[in-house]
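Below: coords-v2.cif (mmCIF, C-alpha atoms)
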```cif
data_model
loop_
_atom_site.label_atom_id
_atom_site.label_comp_id
_atom_site.auth_asym_id
_atom_site.auth_seq_id
_atom_site.Cartn_x
_atom_site.Cartn_y
_atom_site.Cartn_z
CA MET X 1 302.71 163.34 67.02
CA VAL X 2 298.98 162.73 67.54
CA TRP X 3 296.90 162.83 64.40
CA ARG X 4 293.71 164.94 64.59
CA SER X 5 290.81 165.11 62.17
CA ALA X 6 290.06 168.16 60.04
CA PRO X 7 287.00 169.13 62.11
CA GLU X 8 289.07 168.90 65.27
CA ARG X 9 291.82 171.04 63.73
CA ARG X 10 289.26 173.64 62.61
CA SER X 11 287.81 173.62 66.13
CA ASP X 12 291.26 174.24 67.58
CA LEU X 13 291.80 177.14 65.19
CA ALA X 14 288.45 178.62 66.10
CA LEU X 15 289.27 178.33 69.78
CA GLY X 16 292.61 179.97 69.13
CA ARG X 17 291.02 182.85 67.24
CA GLY X 18 288.43 183.16 70.00
CA ALA X 19 291.16 183.38 72.62
CA GLU X 20 292.95 186.01 70.55
CA ALA X 21 289.72 187.99 70.21
CA VAL X 22 289.17 187.85 73.97
CA ASN X 23 292.74 188.99 74.55
CA ASP X 24 292.31 191.85 72.03
CA ALA X 25 289.05 192.95 73.67
CA THR X 26 290.67 192.84 77.07
CA ALA X 27 293.60 194.90 75.78
CA ILE X 28 291.24 197.50 74.25
CA LYS X 29 289.29 197.79 77.51
CA GLY X 30 292.57 198.16 79.37
CA ARG X 31 293.69 200.99 77.09
CA LYS X 32 290.32 202.72 77.49
CA ARG X 33 290.55 202.46 81.27
CA ARG X 34 294.07 203.90 81.20
CA ARG X 35 292.93 206.80 79.00
CA MET X 36 290.00 207.48 81.31
CA ALA X 37 292.29 207.33 84.34
CA LYS X 38 294.66 209.75 82.63
CA TRP X 39 291.94 212.31 81.94
CA ASP X 40 290.40 211.85 85.39
CA ASN X 41 293.80 212.49 86.98
CA MET X 42 294.47 215.49 84.73
CA LEU X 43 291.09 216.98 85.60
CA SER X 44 291.68 216.35 89.30
CA MET X 45 295.08 218.02 89.02
CA LEU X 46 293.50 220.97 87.23
CA TRP X 47 290.97 221.48 90.02
CA MET X 48 293.67 221.16 92.65
CA LEU X 49 295.59 224.04 91.06
CA ARG X 50 292.69 226.30 90.03
CA ASP X 51 292.40 228.06 93.38
CA GLY X 52 295.89 229.53 92.93
CA ARG X 53 297.67 227.16 95.29
CA LYS X 54 301.25 226.18 94.59
CA LEU X 55 301.89 222.44 94.98
CA THR X 56 304.99 220.35 94.49
CA ALA X 57 305.04 217.46 92.05
CA THR X 58 305.45 215.11 95.02
CA GLN X 59 302.33 216.49 96.73
CA ILE X 60 300.27 216.06 93.56
CA ALA X 61 301.66 212.57 92.98
CA ASP X 62 300.81 211.51 96.52
CA GLN X 63 297.23 212.81 96.32
CA LEU X 64 296.57 211.22 92.94
CA GLU X 65 298.59 208.08 93.72
CA ILE X 66 300.71 208.42 90.58
CA SER X 67 304.43 208.90 89.98
CA VAL X 68 306.20 212.27 89.91
CA ARG X 69 307.22 211.52 86.33
CA THR X 70 303.54 211.11 85.38
CA VAL X 71 302.76 214.44 87.02
CA TYR X 72 305.22 216.18 84.70
CA ARG X 73 303.72 214.40 81.67
CA TYR X 74 300.32 215.72 82.71
CA ILE X 75 301.76 219.23 83.02
CA ASP X 76 302.99 219.02 79.43
CA ALA X 77 299.61 217.69 78.23
CA LEU X 78 297.68 220.47 80.01
CA GLY X 79 300.04 223.07 78.58
CA ALA X 80 299.47 221.72 75.06
CA SER X 81 295.72 222.09 75.68
CA GLY X 82 296.10 225.77 76.49
CA VAL X 83 296.18 225.64 80.29
CA PRO X 84 298.95 227.99 81.56
CA VAL X 85 300.62 225.58 84.00
CA VAL X 86 304.07 226.61 85.22
CA ALA X 87 306.59 224.66 87.28
CA GLU X 88 308.92 226.88 89.34
CA SER X 89 312.15 225.54 90.81
CA GLY X 90 313.86 226.58 94.03
CA HIS X 91 313.03 226.62 97.73
CA ASP X 92 309.65 228.29 97.26
CA GLY X 93 309.00 226.66 93.92
CA GLY X 94 306.13 224.47 92.90
CA ILE X 95 303.48 223.93 90.27
CA ARG X 96 300.73 226.49 89.78
CA ILE X 97 298.31 227.89 87.18
CA LEU X 98 298.65 231.50 86.07
CA ASP X 99 295.90 233.91 87.13
CA SER X 100 294.92 234.47 83.47
CA PHE X 101 293.37 231.00 83.47
CA LYS X 102 290.65 232.23 85.83
CA GLU X 103 289.30 234.36 82.98
CA THR X 104 289.29 231.41 80.55
CA PRO X 105 288.33 228.38 82.66
CA LEU X 106 287.48 226.25 79.61
CA PHE X 107 289.84 224.79 77.08
CA PHE X 108 288.97 223.32 73.72
CA ASN X 109 290.40 220.90 71.22
CA ALA X 110 291.35 221.96 67.70
CA LEU X 111 288.02 221.07 66.06
CA GLU X 112 286.00 222.80 68.79
CA LEU X 113 288.04 225.97 68.28
CA LYS X 114 287.54 225.73 64.52
CA ALA X 115 283.78 225.35 65.03
CA LEU X 116 283.70 228.50 67.19
CA VAL X 117 285.59 230.57 64.62
CA ASP X 118 283.49 229.27 61.72
CA ALA X 119 280.29 229.97 63.69
CA TYR X 120 281.48 233.56 64.11
CA LYS X 121 281.95 233.84 60.33
CA PHE X 122 278.42 232.60 59.70
CA ALA X 123 277.01 234.94 62.34
CA LEU X 124 278.85 237.87 60.80
CA GLY X 125 277.58 236.96 57.33
CA ALA X 126 274.01 236.69 58.60
CA GLY X 127 274.14 240.14 60.18
CA TYR X 128 273.86 238.71 63.69
CA PRO X 129 273.26 241.72 65.96
CA TYR X 130 275.80 240.61 68.59
CA ALA X 131 278.69 239.79 66.27
CA GLU X 132 280.97 242.27 68.06
CA GLU X 133 280.32 240.59 71.41
CA LEU X 134 280.92 237.19 69.83
CA GLU X 135 284.23 238.43 68.41
CA SER X 136 285.22 239.73 71.84
CA ALA X 137 284.46 236.34 73.38
CA LEU X 138 286.58 234.61 70.74
CA LYS X 139 289.49 236.96 71.45
CA LYS X 140 289.33 236.00 75.12
CA VAL X 141 289.55 232.36 74.13
CA GLU X 142 292.45 233.04 71.74
CA ASN X 143 294.32 234.94 74.44
CA GLY X 144 294.49 231.72 76.43
CA LEU X 145 296.01 229.77 73.54
CA GLN X 146 299.67 229.14 72.94
CA ALA X 147 301.51 230.09 69.76
CA ASP X 148 301.36 226.60 68.23
CA GLN X 149 297.62 226.38 68.94
CA LEU X 150 297.00 229.76 67.30
CA GLN X 151 298.97 228.66 64.27
CA GLU X 152 297.00 225.43 63.97
CA LEU X 153 293.72 227.30 64.41
CA SER X 154 294.68 229.71 61.63
CA SER X 155 295.52 226.86 59.27
CA ARG X 156 292.26 225.04 60.01
CA THR X 157 289.99 228.06 59.56
CA GLY X 158 291.66 229.75 56.60
CA GLY X 159 289.75 227.75 53.98
CA LEU X 160 286.20 228.79 54.86
CA ASP X 161 284.61 232.16 54.13
CA VAL X 162 281.02 233.39 54.25
CA ILE X 163 279.96 235.91 51.60
CA ALA X 164 277.68 238.40 53.32
CA PRO X 165 274.85 240.05 51.36
CA ALA X 166 274.69 243.83 51.29
CA ARG X 167 272.47 245.23 54.03
CA PRO X 168 271.62 248.71 55.26
CA PRO X 169 273.72 249.70 58.31
CA SER X 170 270.51 250.17 60.29
CA VAL X 171 269.67 246.44 60.25
CA VAL X 172 271.89 245.54 63.22
CA ALA X 173 270.48 248.39 65.31
CA SER X 174 266.92 247.44 64.36
CA LEU X 175 267.53 243.81 65.30
CA ARG X 176 268.81 244.83 68.73
CA ASP X 177 265.88 247.20 69.30
CA LEU X 178 263.31 244.64 68.17
CA GLU X 179 264.79 241.92 70.37
CA GLN X 180 264.83 244.25 73.38
CA ALA X 181 261.24 245.30 72.70
CA ALA X 182 260.19 241.64 72.51
CA GLU X 183 261.91 240.91 75.83
CA GLU X 184 260.36 243.94 77.55
CA GLY X 185 256.92 243.56 75.93
CA ARG X 186 257.18 247.07 74.47
CA THR X 187 255.14 248.23 71.46
CA VAL X 188 257.21 249.95 68.75
CA ARG X 189 256.33 252.35 65.94
CA LEU X 190 257.75 251.44 62.53
CA ALA X 191 258.25 253.33 59.32
CA TYR X 192 258.01 250.33 56.99
CA ARG X 193 258.42 250.28 53.22
CA LYS X 194 256.84 247.35 51.42
CA ALA X 195 258.45 245.80 48.36
CA ASN X 196 258.13 248.06 45.28
CA ALA X 197 256.46 250.79 47.37
CA GLU X 198 257.56 254.35 46.64
CA GLN X 199 257.46 255.42 50.28
CA SER X 200 257.12 253.95 53.74
CA ASP X 201 254.09 254.07 56.00
CA GLU X 202 253.90 254.08 59.78
CA ARG X 203 252.33 251.46 61.99
CA GLU X 204 252.56 250.25 65.56
CA VAL X 205 253.47 246.62 66.17
CA ASP X 206 254.11 244.27 69.09
CA PRO X 207 257.31 242.36 68.22
CA TYR X 208 257.09 238.71 69.28
CA GLY X 209 260.40 237.41 67.91
CA LEU X 210 262.99 237.35 65.13
CA ALA X 211 263.77 234.73 62.49
CA TYR X 212 266.57 234.41 59.93
CA ASP X 213 265.39 232.75 56.72
CA ARG X 214 267.15 232.42 53.34
CA GLY X 215 269.53 235.31 53.93
CA GLU X 216 267.01 237.76 55.40
CA TRP X 217 265.96 238.76 58.91
CA TYR X 218 262.25 238.91 59.71
CA ALA X 219 260.36 240.27 62.68
CA VAL X 220 257.17 238.45 63.60
CA ALA X 221 254.86 240.98 65.21
CA TYR X 222 251.23 241.78 65.90
CA CYS X 223 250.25 244.72 63.68
CA HIS X 224 247.79 247.08 65.34
CA ARG X 225 246.59 248.46 62.00
CA SER X 226 245.74 245.11 60.37
CA ARG X 227 244.87 243.53 63.75
CA GLU X 228 246.76 240.33 63.01
CA THR X 229 250.22 238.84 63.31
CA ARG X 230 252.46 239.67 60.36
CA THR X 231 256.06 239.26 59.24
CA PHE X 232 258.22 242.30 58.51
CA ARG X 233 261.55 242.19 56.69
CA VAL X 234 263.93 244.07 58.97
CA ASP X 235 265.93 245.63 56.11
CA ARG X 236 262.72 247.40 55.01
CA ILE X 237 262.29 249.13 58.37
CA GLU X 238 263.39 252.71 57.78
CA LYS X 239 262.68 253.97 61.28
CA LEU X 240 261.94 252.34 64.62
CA GLU X 241 261.08 253.92 67.95
CA PRO X 242 259.64 252.51 71.19
CA THR X 243 256.32 253.71 72.57
CA GLN X 244 254.94 253.79 76.09
CA ALA X 245 252.47 250.99 75.33
CA THR X 246 253.16 247.45 76.48
CA PHE X 247 251.88 244.03 75.46
CA GLU X 248 252.00 240.43 76.61
CA LYS X 249 253.61 237.97 74.19
CA PRO X 250 251.76 234.68 73.57
CA ALA X 251 253.05 231.89 75.80
CA ARG X 252 255.81 229.73 74.30
CA PHE X 253 255.80 231.74 71.07
CA SER X 254 258.33 230.64 68.44
CA ALA X 255 259.06 232.68 65.31
CA SER X 256 260.23 229.58 63.43
CA ASP X 257 257.01 227.74 64.35
CA TYR X 258 255.03 230.72 63.09
CA PHE X 259 256.80 230.55 59.72
CA ARG X 260 256.08 226.83 59.43
CA ASP X 261 252.42 227.20 60.41
CA GLN X 262 251.64 230.34 58.43
CA SER X 263 251.14 228.62 55.10
CA GLU X 264 248.83 225.99 56.57
CA ARG X 265 246.65 228.63 58.20
CA GLU X 266 246.40 230.63 54.98
CA ARG X 267 245.66 227.52 52.95
CA ASP X 268 242.81 226.42 55.22
CA ALA X 269 241.24 229.87 55.05
CA ASP X 270 241.37 230.06 51.24
CA GLY X 271 239.34 226.96 50.52
CA PRO X 272 239.89 224.58 47.57
CA LEU X 273 243.44 223.67 46.56
CA THR X 274 244.98 223.60 43.09
CA VAL X 275 247.85 221.52 41.72
CA LEU X 276 250.83 223.49 40.45
CA ARG X 277 253.34 221.53 38.36
CA ILE X 278 256.52 223.02 36.95
CA GLU X 279 259.40 221.53 34.98
CA GLY X 280 262.89 222.90 34.54
CA GLU X 281 266.58 222.81 35.32
CA PRO X 282 267.48 221.23 38.69
CA ASP X 283 269.01 224.44 40.06
CA ALA X 284 265.92 226.46 39.17
CA LEU X 285 263.64 223.84 40.71
CA ASN X 286 265.79 223.82 43.86
CA ALA X 287 265.37 227.58 44.20
CA ALA X 288 261.59 227.36 43.72
CA CYS X 289 261.21 224.47 46.16
CA ASP X 290 263.30 226.30 48.78
CA HIS X 291 261.24 229.50 48.55
CA TRP X 292 260.18 230.49 52.07
CA HIS X 293 256.46 230.29 51.13
CA LEU X 294 256.32 227.71 48.33
CA ARG X 295 258.26 225.06 50.23
CA HIS X 296 255.30 224.54 52.57
CA TYR X 297 253.15 223.46 49.61
CA LEU X 298 255.60 221.03 47.97
CA THR X 299 254.06 217.54 47.58
CA GLU X 300 256.35 215.79 45.07
CA ARG X 301 259.78 216.43 43.60
CA THR X 302 261.95 214.75 40.94
CA ASP X 303 265.09 215.91 39.13
CA ARG X 304 263.07 217.67 36.43
CA ASP X 305 259.64 218.13 37.97
CA ALA X 306 258.03 219.65 41.07
CA ARG X 307 254.39 219.55 42.22
CA PHE X 308 252.74 221.85 44.74
CA LEU X 309 249.27 221.97 46.25
CA LEU X 310 248.10 225.45 47.15
CA ASP X 311 245.14 227.80 47.05
CA TRP X 312 244.36 229.76 43.90
CA PRO X 313 244.33 233.28 45.49
CA THR X 314 247.91 232.80 46.71
CA MET X 315 248.93 231.32 43.37
CA ASN X 316 247.39 234.13 41.37
CA LYS X 317 248.68 236.93 43.60
CA TYR X 318 252.35 236.04 44.02
CA LEU X 319 253.43 233.38 41.56
CA PRO X 320 253.18 235.03 38.11
CA MET X 321 255.81 237.65 38.96
CA TYR X 322 257.93 235.25 41.00
CA LEU X 323 258.03 232.50 38.38
CA MET X 324 258.92 235.01 35.68
CA THR X 325 262.22 235.66 37.46
CA PHE X 326 263.37 232.19 36.35
CA GLY X 327 263.05 233.10 32.67
CA THR X 328 263.21 230.03 30.43
CA ASN X 329 264.75 227.83 33.16
CA ILE X 330 261.31 226.60 34.21
CA ARG X 331 258.06 225.83 32.41
CA ILE X 332 254.59 225.83 33.95
CA LYS X 333 252.76 222.62 33.04
CA GLU X 334 249.62 223.22 35.09
CA PRO X 335 247.29 224.88 35.87
CA LEU X 336 246.49 226.52 32.55
CA GLU X 337 245.17 229.64 34.31
CA LEU X 338 248.56 230.35 35.88
CA LYS X 339 250.33 229.83 32.57
CA ARG X 340 248.01 232.39 30.95
CA SER X 341 248.60 234.85 33.82
CA VAL X 342 252.35 234.64 33.25
CA GLN X 343 251.85 235.08 29.48
CA GLU X 344 249.72 238.19 30.04
CA LEU X 345 252.23 239.66 32.46
CA ALA X 346 255.11 239.01 30.06
CA SER X 347 253.13 240.60 27.21
CA ARG X 348 252.45 243.73 29.26
CA ILE X 349 256.14 244.07 30.15
CA ALA X 350 257.14 243.54 26.51
CA ALA X 351 254.58 246.12 25.35
CA HIS X 352 255.86 248.58 27.95
CA TYR X 353 259.39 248.43 26.60
CA GLU X 354 258.23 248.43 22.96
CA ALA X 355 256.43 251.70 23.70
CA ASP X 356 259.63 253.17 25.13
CA ALA X 357 261.52 252.12 22.00
CA ASP X 358 259.02 253.93 19.77
#
```
What would the structure in this file look like if it were written as structure tokens?
Amino acid sequence: MVWRSAPERRSDLALGRGAEAVNDATAIKGRKRRRMAKWDNMLSMLWMLRDGRKLTATQIADQLEISVRTVYRYIDALGASGVPVVAESGHDGGIRILDSFKETPLFFNALELKALVDAYKFALGAGYPYAEELESALKKVENGLQADQLQELSSRTGGLDVIAPARPPSVVASLRDLEQAAEEGRTVRLAYRKANAEQSDEREVDPYGLAYDRGEWYAVAYCHRSRETRTFRVDRIEKLEPTQATFEKPARFSASDYFRDQSERERDADGPLTVLRIEGEPDALNAACDHWHLRHYLTERTDRDARFLLDWPTMNKYLPMYLMTFGTNIRIKEPLELKRSVQELASRIAAHYEADAD
């Protein structure tokens, strides 16, 4: 036995581990290549059979340069993926794909199918105007699945539900009409009821696009009466009819970009900015910071504190009533003027109900 020093023994061990690592890496690459070859061959076999031809296992094996046994393994794998491959015995037998596969040329794995079903649930909950068409498309996909795939899909999607807010039945129809008008460049006449208004008023608008924000659908449109682009909540549209007038939509218009830019435009026009600081419970602060308008003004946020920078006219017009909806869950720290506005509003409401009690 030849004695070797400790450094030499450690070097030998390192070389041994290095050789093992190289062997492991080579083995992993080999497995990857085999998996890729498997899927390449399965895809090639799928395209060979898609045109309705009937081929024998030997013919497929010869063209792909694989064994007949491997061909039958691929048939089983394609069948498990939802491809209706059948192998017929006899003189005129062979391997073919059923005609139904022509209607469903794509096949999906379990998570992709789950994502499609869950997306349908979210679309339905949002009041998506083409939910029926989406459901029809899903049924076509499900018709191409086998019983075990349907069972697995049901088990994977049974734990997620989307609670849909109550909406007038007319919302879906209005969304379709507004989208069509935007595509055609057609001016529409609306009967629109503003929040807290006793009755609606009519106006003509050029719909540019639709946006879904915080559970509500909005139409972004040019209002002929105000001569500027406005947002209209679709659930407040009581009547909608197309006119003969047409318009040209601004190039590359995006409703979501309009929402993001709206606050900045209003802020620049209103001059000096004021700091708004509120404290409160985390959930209440989350709701305030996520408000479709306020979130554009947020400058700093902690667990118990939120700071905004916005113009005083906007603050004075909208915030007293909005912040009152949080009750005692938030407290206005500054500015003092806003705190006094909320106090005055609360006093008027209290006096109103005291008068009713008398």
Can you pull out every residue within 7 Å of region 218-226 of chain X, counting only C-alpha atoms, but drop anything in the same chain fewer than 6 positions away, and send it as a VMD selection string?
chain X and resid 203 to 212 232 to 234 255
Could you dump the residues just selected with C-alpha atoms as a tab-separated table (two decimals), in the frame of the given file?
```tsv
chain	number	residue	atom	x	y	z
X	203	ARG	CA	252.33	251.46	61.99
X	204	GLU	CA	252.56	250.25	65.56
X	205	VAL	CA	253.47	246.62	66.17
X	206	ASP	CA	254.11	244.27	69.09
X	207	PRO	CA	257.31	242.36	68.22
X	208	TYR	CA	257.09	238.71	69.28
X	209	GLY	CA	260.40	237.41	67.91
X	210	LEU	CA	262.99	237.35	65.13
X	211	ALA	CA	263.77	234.73	62.49
X	212	TYR	CA	266.57	234.41	59.93
X	232	PHE	CA	258.22	242.30	58.51
X	233	ARG	CA	261.55	242.19	56.69
X	234	VAL	CA	263.93	244.07	58.97
X	255	ALA	CA	259.06	232.68	65.31
```
Report the distance between CA of Leu153 (chain X) and CA of Ala123 (chain X) in Å, rounded to one decimal place.
18.5 Å
Given the choices X:Glu202, X:Thr231, X:Glu241, X:Ala197, which gets closest to Ser256 (chain X) if the distance is worked out from all atoms listed in the file?
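Checking each candidate against Ser256 (chain X), we get X:Thr231 as the closest.
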Tell me which of X:Pro129, X:Ala195, X:Leu111, X:Asp290 sits closest to Ser155 (chain X), counting only C-alpha atoms.
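Using only C-alpha atoms, the shortest distance to Ser155 (chain X) belongs to X:Leu111.
Interatomic distance, CA of Leu273 (chain X) against CA of Leu310 (chain X): 5.0 Å.
Between CA of Arg304 (chain X) and CA of Glu279 (chain X) the interatomic distance comes to 5.5 Å.
For the choices X:Pro250, X:Gly280, X:Gly158, X:Gly127, the atom-to-atom distance to Arg176 (chain X) is smallest for X:Gly127 when using only C-alpha atoms.
If you count all atoms listed in the file and ignore residues fewer than 6 places along the chain from region 37-50 of chain X, what sits within 7 Å of it is Leu64, Tyr74, Arg96 and Ile97 of chain X.
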Go ahead and write the residues just picked, C-alpha atoms, as a CSV table (one decimal), in the coordinates of the input.
```csv
chain,number,residue,atom,x,y,z
X,64,LEU,CA,296.6,211.2,92.9
X,74,TYR,CA,300.3,215.7,82.7
X,96,ARG,CA,300.7,226.5,89.8
X,97,ILE,CA,298.3,227.9,87.2
```
Could you name the residues that touch region 322-330 of chain X at 12 Å or less, counting all atoms listed in the file, but leaving out those on the same chain fewer than 6 positions away, as a PDB file with C-alpha atoms, in the frame of the given file?
```
ATOM      1  CA  LEU X 276     250.830 223.490  40.450  1.00  0.00           C
ATOM      2  CA  ARG X 277     253.340 221.530  38.360  1.00  0.00           C
ATOM      3  CA  ILE X 278     256.520 223.020  36.950  1.00  0.00           C
ATOM      4  CA  GLU X 279     259.400 221.530  34.980  1.00  0.00           C
ATOM      5  CA  GLY X 280     262.890 222.900  34.540  1.00  0.00           C
ATOM      6  CA  GLU X 281     266.580 222.810  35.320  1.00  0.00           C
ATOM      7  CA  PRO X 282     267.480 221.230  38.690  1.00  0.00           C
ATOM      8  CA  ASP X 283     269.010 224.440  40.060  1.00  0.00           C
ATOM      9  CA  ALA X 284     265.920 226.460  39.170  1.00  0.00           C
ATOM     10  CA  LEU X 285     263.640 223.840  40.710  1.00  0.00           C
ATOM     11  CA  ASN X 286     265.790 223.820  43.860  1.00  0.00           C
ATOM     12  CA  ALA X 287     265.370 227.580  44.200  1.00  0.00           C
ATOM     13  CA  ALA X 288     261.590 227.360  43.720  1.00  0.00           C
ATOM     14  CA  CYS X 289     261.210 224.470  46.160  1.00  0.00           C
ATOM     15  CA  HIS X 291     261.240 229.500  48.550  1.00  0.00           C
ATOM     16  CA  HIS X 293     256.460 230.290  51.130  1.00  0.00           C
ATOM     17  CA  LEU X 294     256.320 227.710  48.330  1.00  0.00           C
ATOM     18  CA  ARG X 304     263.070 217.670  36.430  1.00  0.00           C
ATOM     19  CA  ASP X 305     259.640 218.130  37.970  1.00  0.00           C
ATOM     20  CA  ALA X 306     258.030 219.650  41.070  1.00  0.00           C
ATOM     21  CA  THR X 314     247.910 232.800  46.710  1.00  0.00           C
ATOM     22  CA  MET X 315     248.930 231.320  43.370  1.00  0.00           C
ATOM     23  CA  ASN X 316     247.390 234.130  41.370  1.00  0.00           C
ATOM     24  CA  LEU X 338     248.560 230.350  35.880  1.00  0.00           C
ATOM     25  CA  LYS X 339     250.330 229.830  32.570  1.00  0.00           C
ATOM     26  CA  SER X 341     248.600 234.850  33.820  1.00  0.00           C
ATOM     27  CA  VAL X 342     252.350 234.640  33.250  1.00  0.00           C
ATOM     28  CA  GLN X 343     251.850 235.080  29.480  1.00  0.00           C
ATOM     29  CA  GLU X 344     249.720 238.190  30.040  1.00  0.00           C
ATOM     30  CA  LEU X 345     252.230 239.660  32.460  1.00  0.00           C
ATOM     31  CA  ALA X 346     255.110 239.010  30.060  1.00  0.00           C
ATOM     32  CA  SER X 347     253.130 240.600  27.210  1.00  0.00           C
ATOM     33  CA  ILE X 349     256.140 244.070  30.150  1.00  0.00           C
TER      34      ILE X 349
END
```
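Distances to Leu240 (chain X) were evaluated for X:Thr187, X:Glu216, X:Asp311, X:Thr274 using all atoms listed in the file, and the minimum falls at X:Thr187.
Residues lying within 12 Å of Gln146 (chain X), counting all atoms listed in the file and ignoring same-chain neighbours fewer than 5 positions away, are Leu78, Gly79, Ala80, Ser81, Gly82, Val83, Pro84, Val85, Phe107, Val141, Gln151, Glu152 and Leu153 of chain X.
Residues lying within 6 Å of region 67-72 of chain X, counting all atoms listed in the file and ignoring same-chain neighbours fewer than 4 positions away, are Ala57, Thr58 and Ala61 of chain X.
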Writing out the chosen residues with C-alpha atoms as a compact mmCIF listing (two decimals), keeping the file's coordinate frame:
```
# COMPACT_ATOMS: atom_id res chain seq x y z
CA ALA X 57 305.04 217.46 92.05
CA THR X 58 305.45 215.11 95.02
CA ALA X 61 301.66 212.57 92.98
```
For a quick check of understanding, using only C-alpha atoms, which of X:Leu160, X:Leu134, X:Leu116, X:Ala126 has the smallest distance to Val172 (chain X)?
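Of the candidates, the smallest distance to Val172 (chain X) is held by X:Ala126.
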